[in-house]
There are 2 protein chains.
Amino acid sequence: MQRVVSKPVHLSACSLLALLFPSLGFSAVPQSTIETWVAESAPKVQKIIEGGKSENHSYLKLQELCDDIGNRLSGSPQLEKAIEWAAETMRRDGQENVVVDPVVVRKWVRGEESLGVVSPREMRLSMLGLGGSVGTPPEGITADVIVVSSREELDALPDEQVKGRIVVFNVVMPPWSPTEGSGYGKVVAYRSNGARWASERGGVAVLVRSATARSLDSPHTGAMRYSGGSAVKDIPAASISIEGATLLARWQARGITPRVCLKMSATDGGEATSGNVLAEYVGREFPDEYVVIGGHIDSWDVGSGAHDDGAGCVAAMEALAILRRLGMQPRRTIRVVLFTNEENGVAGARAYRVRHGDEKHFSAIESDSGGFAPQGISVEMTDPAKQDAAAAQMQQMLTLLKPLGATEVKTGSSGTDIQPLLDLGTACMGLSVDGRYYFDTHHTHADTVDKVNPDQLTDCSITMAVTAWLLAEMPFQIGDTAKADQSPDQIPQNH
Amino acid sequence: MQRVVSKPVHLSACSLLALLFPSLGFSAVPQSTIETWVAESAPKVQKIIEGGKSENHSYLKLQELCDDIGNRLSGSPQLEKAIEWAAETMRRDGQENVVVDPVVVRKWVRGEESLGVVSPREMRLSMLGLGGSVGTPPEGITADVIVVSSREELDALPDEQVKGRIVVFNVVMPPWSPTEGSGYGKVVAYRSNGARWASERGGVAVLVRSATARSLDSPHTGAMRYSGGSAVKDIPAASISIEGATLLARWQARGITPRVCLKMSATDGGEATSGNVLAEYVGREFPDEYVVIGGHIDSWDVGSGAHDDGAGCVAAMEALAILRRLGMQPRRTIRVVLFTNEENGVAGARAYRVRHGDEKHFSAIESDSGGFAPQGISVEMTDPAKQDAAAAQMQQMLTLLKPLGATEVKTGSSGTDIQPLLDLGTACMGLSVDGRYYFDTHHTHADTVDKVNPDQLTDCSITMAVTAWLLAEMPFQIGDTAKADQSPDQIPQNH
């Protein structure tokens with residue numbers, strides 16, 4: 001499908017607006033048209049909110065996905081079962097053009113794994129191998145550990161204190177705060193790159209303190225990567241709990257050098273076929289313009305991927321179901337996309353861009369921060385001026401979500417799976433939610449359905465429905481740098 | 001040793017008081033003597049606080065006990081190692097009369113255990129067998145589950161819905177609140193008695209939702225008991241995490257009957273010899289009157305028993321060490337008792353009573369609520385009037401702990417290990433601490449040293465030192481029903 005030329009859209013938008021709101025007399029009286037349009041949209045939004053509250057199957061969908069199917073690592077039978085379930089469920093919801101776009105993914109297999117302290121006393125430590133890690137020899141790697149609290153500290157050590165050792169990155173993740181949010185961004189590089197950093201200094205394996213600020217002896221898995229070259233050896237990488245990391249650190253601080261044995265039979269399982277699931281509510285006026293809403297259907301192989309990202313998937317699925325039940329066909333097509341392989345490869349996002357990059361993507365919303373109380377939207381566009389303009393427009397539109405408390409607009413990040421659409425000029429958005437608990441269960445055995453509050457998940461799906469519907473109805477160009485108080489025909493046709 | 005007759009104590013107390021504070025002229029001018037004594041004690045208490053702050057080995061002791069030795073279930077080699085360590089450490093601290101009183105304990109051995117869901121899908125559930133439980137046959141017990149949220153709900157079910165099933169008690173523990181404290185007391189009976197209740201209705205095993213309000217897929221073990229008769233069969237009992245219990249409940253609510261397989265090779269390991277560890281700072285005036293301070297040296301066989309009750313043990317040990325370092329020999333003997341087998345048998349407490357019940361126990365303080373910020377003391381005596389009087393006295397004394405914020409006096413509970421001393425007239429006390437996190441890690445893999453804040457543990461040991469020292473110095477009878485504003489010679493000699 002070719003990209004739709006934008007100019008006629010604007011002309012149509014203007015004419016439609018005039019048709020819809022003849023009393024406004026846009027061309028005659030310049031006024032705050034977006035405010036007016038938002039105000040006019042209020043009854044329809046109210047209808048979506050009421051409809052979404054009176055009938056909502058988000059939590060049932062979440063149970064079917066996460067309780068009944070379970071976790072869904074790329075290459076696993078469960079992921080393929082989940083993809084089938086999602087397609088079938090959206091067909092049953094009455095959606096159109098439900099398809100599974102095939103995606104080739106890399107399969108990583110955890111296998112058996114364990115971490116034992118050999119001295120000063122024998123004990124097991126909780127651990128999870130990091131996704132993408134190589135395994136150890138069958139007998140494991142037994143070595144003394146060296147504990148550091150930062151890369152700088154590692155790099156300052158003399159060779160003989162690192163060579164042949166297992167490097168432990170005991171890096172503290174700051175707790176969530178209202179101003180700073182989570183501390184995940186400050187420490188995740190150790191999970192991603194720790195193996196390379198340790199190997200560069202002669203380490204034989206790496207143990208990374210889990211990226212969390214709360215732990216009940218909980219290891220958090222996640223993706224890691226090697227340098228890709230042959231300069232440094234690919235060494236095994238595992239996460240350990242805060243409890244394990246601090247125990248090793250306390251021993252070292254007291255002059256005791258702990259010796260551990262790491263066993264991992266992790267392997268690269270080659271290529272596997274997975275898929276992105278698509279479903280649409282075809283637009284009544286611009287069927288070839290897309291407002292994408294979605295999340296990622298894969299998860300790590302622990303817990304049941306409830307907040308990450310079962311919640312995002314079912315919020316998008318149910319958002320479309322709400323609109324379908326209300327018969328609120330949008331002007332543009334709203335397309336649910338459930339991306340595969342977000343966790344360890346992002347092959348789904350790349351494949352979507354390859355297959356659908358020529359289509360006109362008006363905007364895209366990803367929910368991948370958990371199914372907590374929605375707070376608003378984060379807007380990301382490549383052009384900073386457009387991003388600011390889009391944020392200002394969204395700020396107006398989200399006033400309608402006051403009943404759900406989801407009125408906050410931020411800029412700067414959207415979602416991993418929709419980022420490949422950014423350079424198409426797409427207005428990419430992330431659903432913002434109350435983030436204080438997300439990283440407590442992220443990539444752990446405890447990311448399960450009980451952590452998701454049914455009412456909050458309901459509100460997520462309603463927020464998705466409202467936001468998608470407003471974007472799909474929008475009689476303006478999103479991110480247009482024209483002032484909001486210009487009339488539509490004064491808005492530059494720069495899209 | 002015979003119990004000391006009380007009257008001379010009071011006479012001595014009075015004479016001593018007159019000697020110590022001649023300026024007060026007690027016999028001439030009736031006044032608020034306890035207030036005066038407390039005020040006079042302030043510099044000494046200040047000395048203990050300062051001494052305890054400037055040098056304190058509580059956290060190092062905790063590491064030696066919990067990091068280096070680990071958890072300490074009755075009958076385990078680790079417990080005996082811990083007992084040796086405690087005795088040796090207190091000898092090194094310069095304490096007197098360090099002995100290990102032998103105690104015969106019952107040994108329970110967990111063995112291998114697992115819980116798997118068979119349908120609707122195969123998966124493992126986190127579990128911990130309950131202490132004292134029988135095992136299953138080697139092939140396990142495979143049965144449909146019936147989930148109930150209370151005993152009443154179980155009892156209301158028709159036989160055919162329970163017989164041959166594995167009963168799941170999905171009982172919600174209320175979260176900690178400032179007014180109610182923890183909800184542990186409301187649910188612990190299910191762990192203790194659930195097997196009997198389930199068996200009475202024909203259940204073949206019982207799975208009890210862990211007694212906690214916070215979970216990261218965390219099972220909490222603990223003691224359970226059978227009826228002891230032959231009327232109902234002893235069935236295996238295990239704890240499951242909130243995540244597991246709610247998953248089973250959600251399936252049942254949707255009309256799905258989960259089927260699980262429980263395997264436990266738990267056995268009764270017969271009798272083993274353990275011991276209570278005693279150490280003293282012998283009193284300068286009444287060496288045969290005892291102020292006991294202590295905790296329990298055993299723990300469950302998961303985590304490292306840091307808050308439960310490593311912290312209590314090291315707080316008592318360090319309290320005595322602080323006084324010893326300061327050379328503050330008390331009037332009465334302060335005796336550390338580290339009881340064995342509190343978790344699953346209370347044989348240590350019973351043995352102490354048998355062996356030492358004839359000795360005069362002025363008071364006893366147990367710390368078994370974790371090494372959190374101390375808040376004060378909870379006072380328990382069999383005679384309610386004496387209990388109130390003791391509480392009033394303690395209230396005065398604890399004003400001196402204002403620098404630590406440990407001034408709160410409650411009544412009604414003290415500690416499991418010192419309860420056998422209650423009917424001797426002993427003023428039994430529990431160290432009160434900030435309780436909001438205790439049950440998050442109680443009896444789990446996560447009860448580890450990192451959960452204990454070094455400064456808070458230091459304050460626990462100082463609070464123990466100050467309280468024990470004040471009790472050991474007290475020129476009054478504890479719990480005397482005389483009014484606080486009577487002079488000592490007006491206080492009835494009713495002890």
# chains A, B, ... in the order shown; residues from 1 in each chain; ligands from 1
$ closest_atom_pairs --of "chain A" --to "chain B" --cutoff "6 Å" --atoms "only C-alpha atoms" --output "CSV"
residue,atom,partner,partner_atom,distance
A:Leu216,CA,B:Ala446,CA,5.0
A:Asp217,CA,B:Ala446,CA,5.1
A:Ala446,CA,B:Leu216,CA,5.0
$ select_by_dssp --residues "region 336-485 of chain A" --states "strand (DSSP E)" --output "list in words"
Val336, Val337, Leu338, Phe339, Lys360, His361, Phe362, Ser363, Ala364, Ile365, Glu366, Pro374, Gln375, Gly376, Ile377, Ser378, Val379, Glu380, Glu408, Val409, Lys410, Thr411, Ala427, Cys428, Met429, Gly430, Leu431, Ser432 and Val433 of chain A
$ write_last_selection --atoms "N, CA and C atoms" --output "PDB file, in the first residue's frame"
ATOM      1  N   VAL A 336      -5.108  -2.476  15.767  1.00  0.00           N
ATOM      2  CA  VAL A 336      -4.362  -3.093  16.876  1.00  0.00           C
ATOM      3  C   VAL A 336      -3.172  -3.841  16.294  1.00  0.00           C
ATOM      4  N   VAL A 337      -2.006  -3.618  16.858  1.00  0.00           N
ATOM      5  CA  VAL A 337      -0.830  -4.433  16.510  1.00  0.00           C
ATOM      6  C   VAL A 337      -0.235  -4.993  17.789  1.00  0.00           C
ATOM      7  N   LEU A 338      -0.208  -6.323  17.874  1.00  0.00           N
ATOM      8  CA  LEU A 338       0.459  -6.976  18.993  1.00  0.00           C
ATOM      9  C   LEU A 338       1.782  -7.498  18.464  1.00  0.00           C
ATOM     10  N   PHE A 339       2.837  -6.800  18.824  1.00  0.00           N
ATOM     11  CA  PHE A 339       4.167  -7.095  18.291  1.00  0.00           C
ATOM     12  C   PHE A 339       4.754  -8.330  18.966  1.00  0.00           C
ATOM     13  N   LYS A 360       0.217   4.889   5.550  1.00  0.00           N
ATOM     14  CA  LYS A 360       0.237   6.172   6.241  1.00  0.00           C
ATOM     15  C   LYS A 360      -0.106   5.971   7.725  1.00  0.00           C
ATOM     16  N   HIS A 361       0.874   6.158   8.566  1.00  0.00           N
ATOM     17  CA  HIS A 361       0.662   6.014  10.009  1.00  0.00           C
ATOM     18  C   HIS A 361       0.468   7.387  10.629  1.00  0.00           C
ATOM     19  N   PHE A 362      -0.782   7.702  10.874  1.00  0.00           N
ATOM     20  CA  PHE A 362      -1.121   8.988  11.478  1.00  0.00           C
ATOM     21  C   PHE A 362      -0.504   9.085  12.873  1.00  0.00           C
ATOM     22  N   SER A 363      -0.702   8.025  13.644  1.00  0.00           N
ATOM     23  CA  SER A 363      -0.104   7.979  14.973  1.00  0.00           C
ATOM     24  C   SER A 363      -0.071   6.530  15.454  1.00  0.00           C
ATOM     25  N   ALA A 364       0.672   6.313  16.520  1.00  0.00           N
ATOM     26  CA  ALA A 364       0.778   4.968  17.106  1.00  0.00           C
ATOM     27  C   ALA A 364       0.896   5.110  18.615  1.00  0.00           C
ATOM     28  N   ILE A 365       0.143   4.295  19.313  1.00  0.00           N
ATOM     29  CA  ILE A 365       0.204   4.318  20.783  1.00  0.00           C
ATOM     30  C   ILE A 365       0.595   2.931  21.265  1.00  0.00           C
ATOM     31  N   GLU A 366       1.639   2.846  22.044  1.00  0.00           N
ATOM     32  CA  GLU A 366       2.008   1.573  22.650  1.00  0.00           C
ATOM     33  C   GLU A 366       1.802   1.634  24.157  1.00  0.00           C
ATOM     34  N   PRO A 374      -3.984   4.590  34.586  1.00  0.00           N
ATOM     35  CA  PRO A 374      -3.453   5.423  33.507  1.00  0.00           C
ATOM     36  C   PRO A 374      -3.324   6.870  33.958  1.00  0.00           C
ATOM     37  N   GLN A 375      -2.274   7.526  33.477  1.00  0.00           N
ATOM     38  CA  GLN A 375      -2.049   8.917  33.865  1.00  0.00           C
ATOM     39  C   GLN A 375      -2.072   9.850  32.673  1.00  0.00           C
ATOM     40  N   GLY A 376      -1.918   9.291  31.492  1.00  0.00           N
ATOM     41  CA  GLY A 376      -1.921  10.137  30.308  1.00  0.00           C
ATOM     42  C   GLY A 376      -1.108   9.522  29.199  1.00  0.00           C
ATOM     43  N   ILE A 377      -0.416  10.385  28.477  1.00  0.00           N
ATOM     44  CA  ILE A 377       0.250   9.974  27.244  1.00  0.00           C
ATOM     45  C   ILE A 377       1.627  10.632  27.203  1.00  0.00           C
ATOM     46  N   SER A 378       2.586   9.895  26.681  1.00  0.00           N
ATOM     47  CA  SER A 378       3.891  10.472  26.407  1.00  0.00           C
ATOM     48  C   SER A 378       4.060  10.524  24.891  1.00  0.00           C
ATOM     49  N   VAL A 379       4.442  11.666  24.374  1.00  0.00           N
ATOM     50  CA  VAL A 379       4.474  11.884  22.924  1.00  0.00           C
ATOM     51  C   VAL A 379       5.911  11.943  22.420  1.00  0.00           C
ATOM     52  N   GLU A 380       6.168  11.249  21.341  1.00  0.00           N
ATOM     53  CA  GLU A 380       7.510  11.250  20.753  1.00  0.00           C
ATOM     54  C   GLU A 380       7.420  11.443  19.237  1.00  0.00           C
ATOM     55  N   GLU A 408      -2.389  13.719  31.785  1.00  0.00           N
ATOM     56  CA  GLU A 408      -1.008  14.214  31.787  1.00  0.00           C
ATOM     57  C   GLU A 408      -0.328  13.938  30.440  1.00  0.00           C
ATOM     58  N   VAL A 409       0.296  14.935  29.878  1.00  0.00           N
ATOM     59  CA  VAL A 409       1.034  14.752  28.627  1.00  0.00           C
ATOM     60  C   VAL A 409       2.512  15.012  28.871  1.00  0.00           C
ATOM     61  N   LYS A 410       3.320  14.035  28.498  1.00  0.00           N
ATOM     62  CA  LYS A 410       4.769  14.195  28.573  1.00  0.00           C
ATOM     63  C   LYS A 410       5.328  14.052  27.162  1.00  0.00           C
ATOM     64  N   THR A 411       6.584  14.427  26.986  1.00  0.00           N
ATOM     65  CA  THR A 411       7.216  14.232  25.683  1.00  0.00           C
ATOM     66  C   THR A 411       8.504  13.448  25.842  1.00  0.00           C
ATOM     67  N   ALA A 427       3.313  10.287  14.740  1.00  0.00           N
ATOM     68  CA  ALA A 427       3.262  10.747  16.126  1.00  0.00           C
ATOM     69  C   ALA A 427       3.175   9.508  17.006  1.00  0.00           C
ATOM     70  N   CYS A 428       4.293   9.147  17.636  1.00  0.00           N
ATOM     71  CA  CYS A 428       4.339   7.940  18.469  1.00  0.00           C
ATOM     72  C   CYS A 428       4.057   8.308  19.918  1.00  0.00           C
ATOM     73  N   MET A 429       3.288   7.461  20.571  1.00  0.00           N
ATOM     74  CA  MET A 429       2.879   7.769  21.940  1.00  0.00           C
ATOM     75  C   MET A 429       2.935   6.525  22.810  1.00  0.00           C
ATOM     76  N   GLY A 430       3.257   6.760  24.065  1.00  0.00           N
ATOM     77  CA  GLY A 430       3.215   5.689  25.048  1.00  0.00           C
ATOM     78  C   GLY A 430       2.117   5.970  26.051  1.00  0.00           C
ATOM     79  N   LEU A 431       1.402   4.925  26.460  1.00  0.00           N
ATOM     80  CA  LEU A 431       0.418   5.110  27.520  1.00  0.00           C
ATOM     81  C   LEU A 431       1.175   5.261  28.832  1.00  0.00           C
ATOM     82  N   SER A 432       0.997   6.387  29.504  1.00  0.00           N
ATOM     83  CA  SER A 432       1.658   6.594  30.806  1.00  0.00           C
ATOM     84  C   SER A 432       0.766   6.055  31.911  1.00  0.00           C
ATOM     85  N   VAL A 433       1.370   5.347  32.815  1.00  0.00           N
ATOM     86  CA  VAL A 433       0.619   4.805  33.956  1.00  0.00           C
ATOM     87  C   VAL A 433       1.392   5.084  35.241  1.00  0.00           C
TER      88      VAL A 433
END
$ residues_around --residues "Ile235 (chain A)" --least-positions-apart "3" --cutoff "10 Å" --atoms "only C-alpha atoms" --output "list of chain:residue names"
A:Ser133, A:Val134, A:Gly135, A:Thr136, A:Ile166, A:Gly194, A:Ala195, A:Arg196, A:Ala198, A:Ser199, A:Gly202, A:Gly203, A:Val204, A:Ala205, A:Val206, A:Tyr226, A:Val232
$ closest_residue --among "A:Arg72, A:Lys53, A:Arg436, A:Lys47" --to "His296 (chain A)" --atoms "only C-alpha atoms"
A:Arg72
$ atom_distance --atom1 "CA of Trp300 (chain A)" --atom2 "CA of Ala279 (chain A)"
24.1 Å
$ decode --residues "region 224-252 of chain A" --atoms "N, CA and C atoms" --output "PDB file, in the first residue's frame"
ATOM      1  N   MET A 224      20.434  -9.317  27.323  1.00  0.00           N
ATOM      2  CA  MET A 224      21.820  -8.838  27.352  1.00  0.00           C
ATOM      3  C   MET A 224      22.377  -9.024  25.946  1.00  0.00           C
ATOM      4  N   ARG A 225      23.486  -8.352  25.672  1.00  0.00           N
ATOM      5  CA  ARG A 225      24.087  -8.525  24.355  1.00  0.00           C
ATOM      6  C   ARG A 225      25.609  -8.564  24.477  1.00  0.00           C
ATOM      7  N   TYR A 226      26.189  -9.242  23.519  1.00  0.00           N
ATOM      8  CA  TYR A 226      27.649  -9.295  23.453  1.00  0.00           C
ATOM      9  C   TYR A 226      28.128  -8.235  22.458  1.00  0.00           C
ATOM     10  N   SER A 227      29.440  -8.060  22.422  1.00  0.00           N
ATOM     11  CA  SER A 227      29.982  -7.019  21.539  1.00  0.00           C
ATOM     12  C   SER A 227      29.824  -7.382  20.071  1.00  0.00           C
ATOM     13  N   GLY A 228      29.692  -8.682  19.798  1.00  0.00           N
ATOM     14  CA  GLY A 228      29.508  -9.080  18.410  1.00  0.00           C
ATOM     15  C   GLY A 228      30.826  -9.307  17.688  1.00  0.00           C
ATOM     16  N   GLY A 229      31.900  -8.809  18.206  1.00  0.00           N
ATOM     17  CA  GLY A 229      33.204  -9.018  17.582  1.00  0.00           C
ATOM     18  C   GLY A 229      33.914 -10.193  18.237  1.00  0.00           C
ATOM     19  N   SER A 230      35.140 -10.411  17.854  1.00  0.00           N
ATOM     20  CA  SER A 230      35.883 -11.521  18.439  1.00  0.00           C
ATOM     21  C   SER A 230      36.925 -10.996  19.426  1.00  0.00           C
ATOM     22  N   ALA A 231      36.897  -9.682  19.646  1.00  0.00           N
ATOM     23  CA  ALA A 231      37.911  -9.071  20.513  1.00  0.00           C
ATOM     24  C   ALA A 231      37.806  -9.596  21.940  1.00  0.00           C
ATOM     25  N   VAL A 232      36.577  -9.723  22.431  1.00  0.00           N
ATOM     26  CA  VAL A 232      36.421 -10.259  23.787  1.00  0.00           C
ATOM     27  C   VAL A 232      35.531 -11.496  23.741  1.00  0.00           C
ATOM     28  N   LYS A 233      35.779 -12.383  24.677  1.00  0.00           N
ATOM     29  CA  LYS A 233      35.061 -13.646  24.733  1.00  0.00           C
ATOM     30  C   LYS A 233      33.621 -13.411  25.220  1.00  0.00           C
ATOM     31  N   ASP A 234      32.678 -14.164  24.648  1.00  0.00           N
ATOM     32  CA  ASP A 234      31.309 -14.121  25.143  1.00  0.00           C
ATOM     33  C   ASP A 234      31.238 -14.964  26.417  1.00  0.00           C
ATOM     34  N   ILE A 235      30.993 -14.327  27.547  1.00  0.00           N
ATOM     35  CA  ILE A 235      30.964 -15.051  28.829  1.00  0.00           C
ATOM     36  C   ILE A 235      29.535 -15.140  29.347  1.00  0.00           C
ATOM     37  N   PRO A 236      29.227 -16.178  30.119  1.00  0.00           N
ATOM     38  CA  PRO A 236      27.863 -16.340  30.629  1.00  0.00           C
ATOM     39  C   PRO A 236      27.454 -15.203  31.553  1.00  0.00           C
ATOM     40  N   ALA A 237      26.170 -14.871  31.479  1.00  0.00           N
ATOM     41  CA  ALA A 237      25.645 -13.743  32.256  1.00  0.00           C
ATOM     42  C   ALA A 237      24.346 -14.148  32.937  1.00  0.00           C
ATOM     43  N   ALA A 238      24.261 -13.849  34.219  1.00  0.00           N
ATOM     44  CA  ALA A 238      23.041 -14.161  34.971  1.00  0.00           C
ATOM     45  C   ALA A 238      22.707 -13.021  35.911  1.00  0.00           C
ATOM     46  N   SER A 239      21.414 -12.922  36.234  1.00  0.00           N
ATOM     47  CA  SER A 239      20.996 -11.957  37.244  1.00  0.00           C
ATOM     48  C   SER A 239      20.916 -12.669  38.585  1.00  0.00           C
ATOM     49  N   ILE A 240      21.220 -11.952  39.636  1.00  0.00           N
ATOM     50  CA  ILE A 240      21.019 -12.472  40.984  1.00  0.00           C
ATOM     51  C   ILE A 240      20.145 -11.485  41.742  1.00  0.00           C
ATOM     52  N   SER A 241      19.597 -11.933  42.857  1.00  0.00           N
ATOM     53  CA  SER A 241      18.703 -11.057  43.617  1.00  0.00           C
ATOM     54  C   SER A 241      19.522 -10.035  44.402  1.00  0.00           C
ATOM     55  N   ILE A 242      18.849  -9.011  44.876  1.00  0.00           N
ATOM     56  CA  ILE A 242      19.509  -8.041  45.762  1.00  0.00           C
ATOM     57  C   ILE A 242      20.101  -8.788  46.955  1.00  0.00           C
ATOM     58  N   GLU A 243      19.352  -9.776  47.449  1.00  0.00           N
ATOM     59  CA  GLU A 243      19.814 -10.547  48.601  1.00  0.00           C
ATOM     60  C   GLU A 243      21.150 -11.228  48.311  1.00  0.00           C
ATOM     61  N   GLY A 244      21.237 -11.857  47.137  1.00  0.00           N
ATOM     62  CA  GLY A 244      22.456 -12.568  46.781  1.00  0.00           C
ATOM     63  C   GLY A 244      23.620 -11.614  46.556  1.00  0.00           C
ATOM     64  N   ALA A 245      23.337 -10.523  45.834  1.00  0.00           N
ATOM     65  CA  ALA A 245      24.412  -9.569  45.522  1.00  0.00           C
ATOM     66  C   ALA A 245      24.963  -8.922  46.791  1.00  0.00           C
ATOM     67  N   THR A 246      24.063  -8.578  47.701  1.00  0.00           N
ATOM     68  CA  THR A 246      24.530  -7.905  48.915  1.00  0.00           C
ATOM     69  C   THR A 246      25.239  -8.890  49.850  1.00  0.00           C
ATOM     70  N   LEU A 247      24.827 -10.140  49.827  1.00  0.00           N
ATOM     71  CA  LEU A 247      25.539 -11.145  50.633  1.00  0.00           C
ATOM     72  C   LEU A 247      26.988 -11.257  50.161  1.00  0.00           C
ATOM     73  N   LEU A 248      27.181 -11.384  48.846  1.00  0.00           N
ATOM     74  CA  LEU A 248      28.536 -11.486  48.306  1.00  0.00           C
ATOM     75  C   LEU A 248      29.335 -10.219  48.629  1.00  0.00           C
ATOM     76  N   ALA A 249      28.661  -9.073  48.538  1.00  0.00           N
ATOM     77  CA  ALA A 249      29.341  -7.806  48.832  1.00  0.00           C
ATOM     78  C   ALA A 249      29.722  -7.710  50.310  1.00  0.00           C
ATOM     79  N   ARG A 250      28.829  -8.157  51.185  1.00  0.00           N
ATOM     80  CA  ARG A 250      29.148  -8.095  52.620  1.00  0.00           C
ATOM     81  C   ARG A 250      30.347  -8.988  52.945  1.00  0.00           C
ATOM     82  N   TRP A 251      30.352 -10.174  52.344  1.00  0.00           N
ATOM     83  CA  TRP A 251      31.497 -11.051  52.596  1.00  0.00           C
ATOM     84  C   TRP A 251      32.793 -10.376  52.133  1.00  0.00           C
ATOM     85  N   GLN A 252      32.763  -9.859  50.917  1.00  0.00           N
ATOM     86  CA  GLN A 252      33.979  -9.226  50.386  1.00  0.00           C
ATOM     87  C   GLN A 252      34.428  -8.079  51.286  1.00  0.00           C
TER      88      GLN A 252
END
